[in-house]
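S.K.: One structure coming up, written as structure tokens, with questions to follow.
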Amino acid sequence: MRLRIRPTETSFYDLFTELAGHLVDGANLLAKMLDATSDRDAVAKQLSEVEHAADDTTHAIINRVNQTFVTPFDREDIYKLASSLDDVMDFIDEAGDLVVLYELESLPSRMASMVEVIQRGCELTAEAMPRLRTMTDLSEYWIEINRLENQADRDYRRILAKLFSGEYKALEVLKLKDVVESLEDAVDALESVANTVEQIAVKES
């Protein structure tokens, strides 16, 4: 039986929970961007502020790793989890920024479904992070994230099919394709977070 020495300080768990909370805020702001009546410039500014806050928390995690002799789980896994969480936020911010930069007035309705997946995935991730302390009740989390990722993939393919149906002008197709690919990247990053959590849980079991 392998002897495990666990640190008593819990800042890693608190920081991961804080970082996931930023994702929830970012996803909710992204949902606001879909409303053509919203002040998208103001929402984009808020989204950028949340992205900067997420960066600060990510840097705090990395600094904590470098300053801590005994970490709660493998350093490589801590780096990977922090990086994947930060990637989710970056892609959310990217999608929102593109909506503003491209001055998109109308978006395909299925984009709302993809954003809902991102919102739900971020909420589940935020709920899962505190459970890293005990490594319990996590399997339902990564199973549900995988299901959501499959749902988003179906939406992604159908959005692309609609974009190339001839209904949209060529320039608009290029702009919308950039946005939907950022959404797809955000979902993939959420799956990467869940996969990392699963790997950590298996190692620690």
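Chain lettering (A, B, ...) mirrors the order of the structure tokens, residue numbering begins at 1 for each chain separately, and ligand numbering begins at 1 in order of display.
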Name all residues at most 10 Å from Thr136 (chain A) (count only C-alpha atoms; drop same-chain ones fewer than 6 positions away) and give them as a PyMOL selection string.
M.R.: chain A and resi 128+130+201+205
S.K.: Kindly save the residues from that selection, with N, CA, C and O atoms included, as a short mmCIF file (atom, residue, chain, number, x, y, z; two decimals), in the first residue's frame.
M.R.:
```
data_model
loop_
_atom_site.label_atom_id
_atom_site.label_comp_id
_atom_site.auth_asym_id
_atom_site.auth_seq_id
_atom_site.Cartn_x
_atom_site.Cartn_y
_atom_site.Cartn_z
N ALA A 128 -17.94 20.62 -8.92
CA ALA A 128 -17.03 19.49 -8.75
C ALA A 128 -15.73 19.87 -8.05
O ALA A 128 -15.14 19.06 -7.32
N PRO A 130 -14.79 21.66 -5.38
CA PRO A 130 -14.63 21.43 -3.94
C PRO A 130 -14.51 19.95 -3.57
O PRO A 130 -13.94 19.60 -2.53
N ALA A 201 -8.58 11.49 -10.02
CA ALA A 201 -9.36 10.65 -9.12
C ALA A 201 -8.89 9.19 -9.18
O ALA A 201 -8.82 8.51 -8.16
N SER A 205 -7.23 7.12 -6.02
CA SER A 205 -8.12 6.09 -5.44
C SER A 205 -7.33 4.91 -4.89
O SER A 205 -6.18 4.70 -5.24
#
```
S.K.: Residues at most 12 Å from Asp137 (chain A), counting only C-alpha atoms, excluding those fewer than 4 positions away in the same chain, as a list in words?
M.R.: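 Here the qualifying residues turn out to be Glu127, Ala128, Met129, Pro130, Arg131, Leu132, Arg133, Tyr141, Trp142, Ile143, Val197, Glu198 and Ala201 of chain A.
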S.K.: Point out the residue among A:Val99, A:Val88, A:Leu148, A:Ala112 with the least atom-to-atom distance to Asp185 (chain A), counting only C-alpha atoms.
M.R.: A:Val88
S.K.: With only C-alpha atoms as the counted atoms, please give the residues lying no more than 12 Å from Tyr102 (chain A), apart from itself and same-chain residues fewer than 6 positions off, as a PyMOL selection string.
M.R.: chain A and resi 40-41+94-96+171-179
S.K.: Rank nothing, just name the residue among A:Arg75, A:Arg64, A:Arg157, A:His22 nearest to Asp90 (chain A), using only C-alpha atoms.
M.R.: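 Of A:Arg75, A:Arg64, A:Arg157, A:His22, the one nearest Asp90 (chain A), counting only C-alpha atoms, is A:His22.
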S.K.: Grab the CA of Leu107 (chain A) to CA of Leu124 (chain A) distance for me, in Å with one decimal place.
M.R.: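 Computing it gives 25.9 Å between the two atoms.
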S.K.: Check the smallest atom-to-atom distance from each of A:Leu23, A:Leu190, A:Leu47, A:Leu30 to Asn146 (chain A) using only C-alpha atoms, then report the winner.
M.R.: A:Leu190
S.K.: Go ahead and compute the interatomic distance for CA of Met114 (chain A) and CA of Leu15 (chain A), in Å to one decimal.
M.R.: 27.0 Å
S.K.: My list of candidates is A:Ala126, A:Val43, A:Leu104, A:Ala31. Which is closest to Tyr13 (chain A) when distances are computed with only C-alpha atoms?
M.R.: A:Ala126
S.K.: What is the CA of Thr37 (chain A)-CA of Asp153 (chain A) distance in Å, reported with one decimal?
M.R.: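 So the answer is 27.8 Å.
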S.K.: Neighbours of Gly21 (chain A) within 9 Å (only C-alpha atoms; same-chain residues fewer than 3 positions away dropped), as a list in words?
M.R.: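 Listed by chain and then number, they are Phe16, Thr17, Glu18, Val24, Asp25, Gly26, Ala54, Cys122, Glu123, Thr125 and Ala126 of chain A.
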S.K.: Which neighbours of region 117-121 of chain A fall inside 8 Å, counting only C-alpha atoms, when residues of the same chain fewer than 6 positions from it are skipped, and could you give them as a PyMOL selection string?
M.R.: chain A and resi 24+27-28+145+148-149+151-152+183+186-187+190
S.K.: Just the selected residues (all heavy atoms), exported as a PDB file, in the first residue's frame, please.
M.R.:
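Dumped to out.pdb:
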```pdb
ATOM      1  N   VAL A  24     -18.145  30.270 -14.496  1.00  0.00           N
ATOM      2  CA  VAL A  24     -19.604  30.427 -14.416  1.00  0.00           C
ATOM      3  C   VAL A  24     -19.987  31.866 -14.765  1.00  0.00           C
ATOM      4  O   VAL A  24     -20.908  32.108 -15.561  1.00  0.00           O
ATOM      5  CB  VAL A  24     -20.119  30.049 -13.016  1.00  0.00           C
ATOM      6  CG1 VAL A  24     -21.612  30.369 -12.892  1.00  0.00           C
ATOM      7  CG2 VAL A  24     -19.878  28.565 -12.743  1.00  0.00           C
ATOM      8  N   ALA A  27     -19.464  32.417 -18.545  1.00  0.00           N
ATOM      9  CA  ALA A  27     -20.478  31.752 -19.371  1.00  0.00           C
ATOM     10  C   ALA A  27     -21.804  32.501 -19.321  1.00  0.00           C
ATOM     11  O   ALA A  27     -22.500  32.625 -20.340  1.00  0.00           O
ATOM     12  CB  ALA A  27     -20.661  30.308 -18.908  1.00  0.00           C
ATOM     13  N   ASN A  28     -22.154  33.007 -18.153  1.00  0.00           N
ATOM     14  CA  ASN A  28     -23.409  33.763 -18.031  1.00  0.00           C
ATOM     15  C   ASN A  28     -23.351  35.074 -18.814  1.00  0.00           C
ATOM     16  O   ASN A  28     -24.345  35.492 -19.424  1.00  0.00           O
ATOM     17  CB  ASN A  28     -23.713  34.036 -16.558  1.00  0.00           C
ATOM     18  CG  ASN A  28     -24.103  32.779 -15.806  1.00  0.00           C
ATOM     19  OD1 ASN A  28     -24.550  31.797 -16.403  1.00  0.00           O
ATOM     20  ND2 ASN A  28     -23.949  32.795 -14.494  1.00  0.00           N
ATOM     21  N   ILE A 145     -20.369  15.723 -18.285  1.00  0.00           N
ATOM     22  CA  ILE A 145     -19.614  16.615 -19.172  1.00  0.00           C
ATOM     23  C   ILE A 145     -19.418  15.955 -20.529  1.00  0.00           C
ATOM     24  O   ILE A 145     -19.545  16.607 -21.579  1.00  0.00           O
ATOM     25  CB  ILE A 145     -18.246  16.987 -18.553  1.00  0.00           C
ATOM     26  CG1 ILE A 145     -18.436  17.910 -17.349  1.00  0.00           C
ATOM     27  CG2 ILE A 145     -17.347  17.646 -19.591  1.00  0.00           C
ATOM     28  CD1 ILE A 145     -18.948  19.294 -17.680  1.00  0.00           C
ATOM     29  N   LEU A 148     -22.652  16.227 -22.425  1.00  0.00           N
ATOM     30  CA  LEU A 148     -22.845  17.591 -22.904  1.00  0.00           C
ATOM     31  C   LEU A 148     -21.939  17.885 -24.101  1.00  0.00           C
ATOM     32  O   LEU A 148     -22.345  18.578 -25.045  1.00  0.00           O
ATOM     33  CB  LEU A 148     -22.548  18.593 -21.780  1.00  0.00           C
ATOM     34  CG  LEU A 148     -23.570  18.651 -20.644  1.00  0.00           C
ATOM     35  CD1 LEU A 148     -23.029  19.508 -19.502  1.00  0.00           C
ATOM     36  CD2 LEU A 148     -24.908  19.199 -21.137  1.00  0.00           C
ATOM     37  N   GLU A 149     -20.718  17.363 -24.057  1.00  0.00           N
ATOM     38  CA  GLU A 149     -19.793  17.573 -25.177  1.00  0.00           C
ATOM     39  C   GLU A 149     -20.326  16.937 -26.457  1.00  0.00           C
ATOM     40  O   GLU A 149     -20.225  17.521 -27.541  1.00  0.00           O
ATOM     41  CB  GLU A 149     -18.416  17.004 -24.814  1.00  0.00           C
ATOM     42  CG  GLU A 149     -17.281  17.455 -25.714  1.00  0.00           C
ATOM     43  CD  GLU A 149     -17.099  16.575 -26.939  1.00  0.00           C
ATOM     44  OE1 GLU A 149     -17.538  15.412 -26.887  1.00  0.00           O
ATOM     45  OE2 GLU A 149     -16.517  17.048 -27.935  1.00  0.00           O
ATOM     46  N   GLN A 151     -23.482  16.473 -27.141  1.00  0.00           N
ATOM     47  CA  GLN A 151     -24.602  17.315 -27.558  1.00  0.00           C
ATOM     48  C   GLN A 151     -24.099  18.549 -28.302  1.00  0.00           C
ATOM     49  O   GLN A 151     -24.647  18.930 -29.344  1.00  0.00           O
ATOM     50  CB  GLN A 151     -25.404  17.752 -26.324  1.00  0.00           C
ATOM     51  CG  GLN A 151     -26.559  18.707 -26.645  1.00  0.00           C
ATOM     52  CD  GLN A 151     -27.270  19.187 -25.384  1.00  0.00           C
ATOM     53  OE1 GLN A 151     -27.377  18.450 -24.402  1.00  0.00           O
ATOM     54  NE2 GLN A 151     -27.744  20.422 -25.400  1.00  0.00           N
ATOM     55  N   ALA A 152     -23.048  19.180 -27.771  1.00  0.00           N
ATOM     56  CA  ALA A 152     -22.487  20.364 -28.416  1.00  0.00           C
ATOM     57  C   ALA A 152     -21.898  20.026 -29.778  1.00  0.00           C
ATOM     58  O   ALA A 152     -21.993  20.835 -30.717  1.00  0.00           O
ATOM     59  CB  ALA A 152     -21.420  20.995 -27.522  1.00  0.00           C
ATOM     60  N   LEU A 183     -16.779  28.609 -29.561  1.00  0.00           N
ATOM     61  CA  LEU A 183     -17.697  27.903 -28.663  1.00  0.00           C
ATOM     62  C   LEU A 183     -17.335  26.422 -28.574  1.00  0.00           C
ATOM     63  O   LEU A 183     -17.322  25.842 -27.478  1.00  0.00           O
ATOM     64  CB  LEU A 183     -19.140  28.065 -29.145  1.00  0.00           C
ATOM     65  CG  LEU A 183     -19.711  29.481 -29.189  1.00  0.00           C
ATOM     66  CD1 LEU A 183     -21.149  29.450 -29.724  1.00  0.00           C
ATOM     67  CD2 LEU A 183     -19.677  30.130 -27.806  1.00  0.00           C
ATOM     68  N   ALA A 186     -14.359  25.970 -26.426  1.00  0.00           N
ATOM     69  CA  ALA A 186     -14.691  26.097 -25.005  1.00  0.00           C
ATOM     70  C   ALA A 186     -15.257  24.792 -24.456  1.00  0.00           C
ATOM     71  O   ALA A 186     -14.910  24.361 -23.350  1.00  0.00           O
ATOM     72  CB  ALA A 186     -15.682  27.242 -24.789  1.00  0.00           C
ATOM     73  N   VAL A 187     -16.125  24.158 -25.235  1.00  0.00           N
ATOM     74  CA  VAL A 187     -16.705  22.872 -24.809  1.00  0.00           C
ATOM     75  C   VAL A 187     -15.613  21.809 -24.722  1.00  0.00           C
ATOM     76  O   VAL A 187     -15.566  21.016 -23.768  1.00  0.00           O
ATOM     77  CB  VAL A 187     -17.818  22.433 -25.778  1.00  0.00           C
ATOM     78  CG1 VAL A 187     -18.329  21.045 -25.398  1.00  0.00           C
ATOM     79  CG2 VAL A 187     -18.968  23.427 -25.765  1.00  0.00           C
ATOM     80  N   LEU A 190     -13.695  22.249 -21.611  1.00  0.00           N
ATOM     81  CA  LEU A 190     -14.438  21.729 -20.459  1.00  0.00           C
ATOM     82  C   LEU A 190     -14.274  20.216 -20.355  1.00  0.00           C
ATOM     83  O   LEU A 190     -14.125  19.672 -19.252  1.00  0.00           O
ATOM     84  CB  LEU A 190     -15.925  22.081 -20.587  1.00  0.00           C
ATOM     85  CG  LEU A 190     -16.339  23.482 -20.160  1.00  0.00           C
ATOM     86  CD1 LEU A 190     -17.756  23.787 -20.631  1.00  0.00           C
ATOM     87  CD2 LEU A 190     -16.240  23.639 -18.642  1.00  0.00           C
TER      88      LEU A 190
END
```
S.K.: For Ala60 (chain A), which residue among A:Ser84, A:Ser109, A:Ser11, A:Gln46 is the nearest when counting only C-alpha atoms?
M.R.: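 Nearest to Ala60 (chain A): A:Ser11.
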S.K.: Residues of chain A in alpha helix (DSSP H) according to DSSP, as an MDAnalysis selection string?
M.R.: chainID A and resid 11:33 40:67 75:101 109:128 139:163 170:204
S.K.: Calculated over only C-alpha atoms, which of the candidates A:Asn63, A:Met89, A:Lys80, A:Thr71 has the smallest distance to Glu49 (chain A)?
M.R.: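 Between A:Asn63, A:Met89, A:Lys80, A:Thr71, the residue approaching Glu49 (chain A) most closely is A:Met89.
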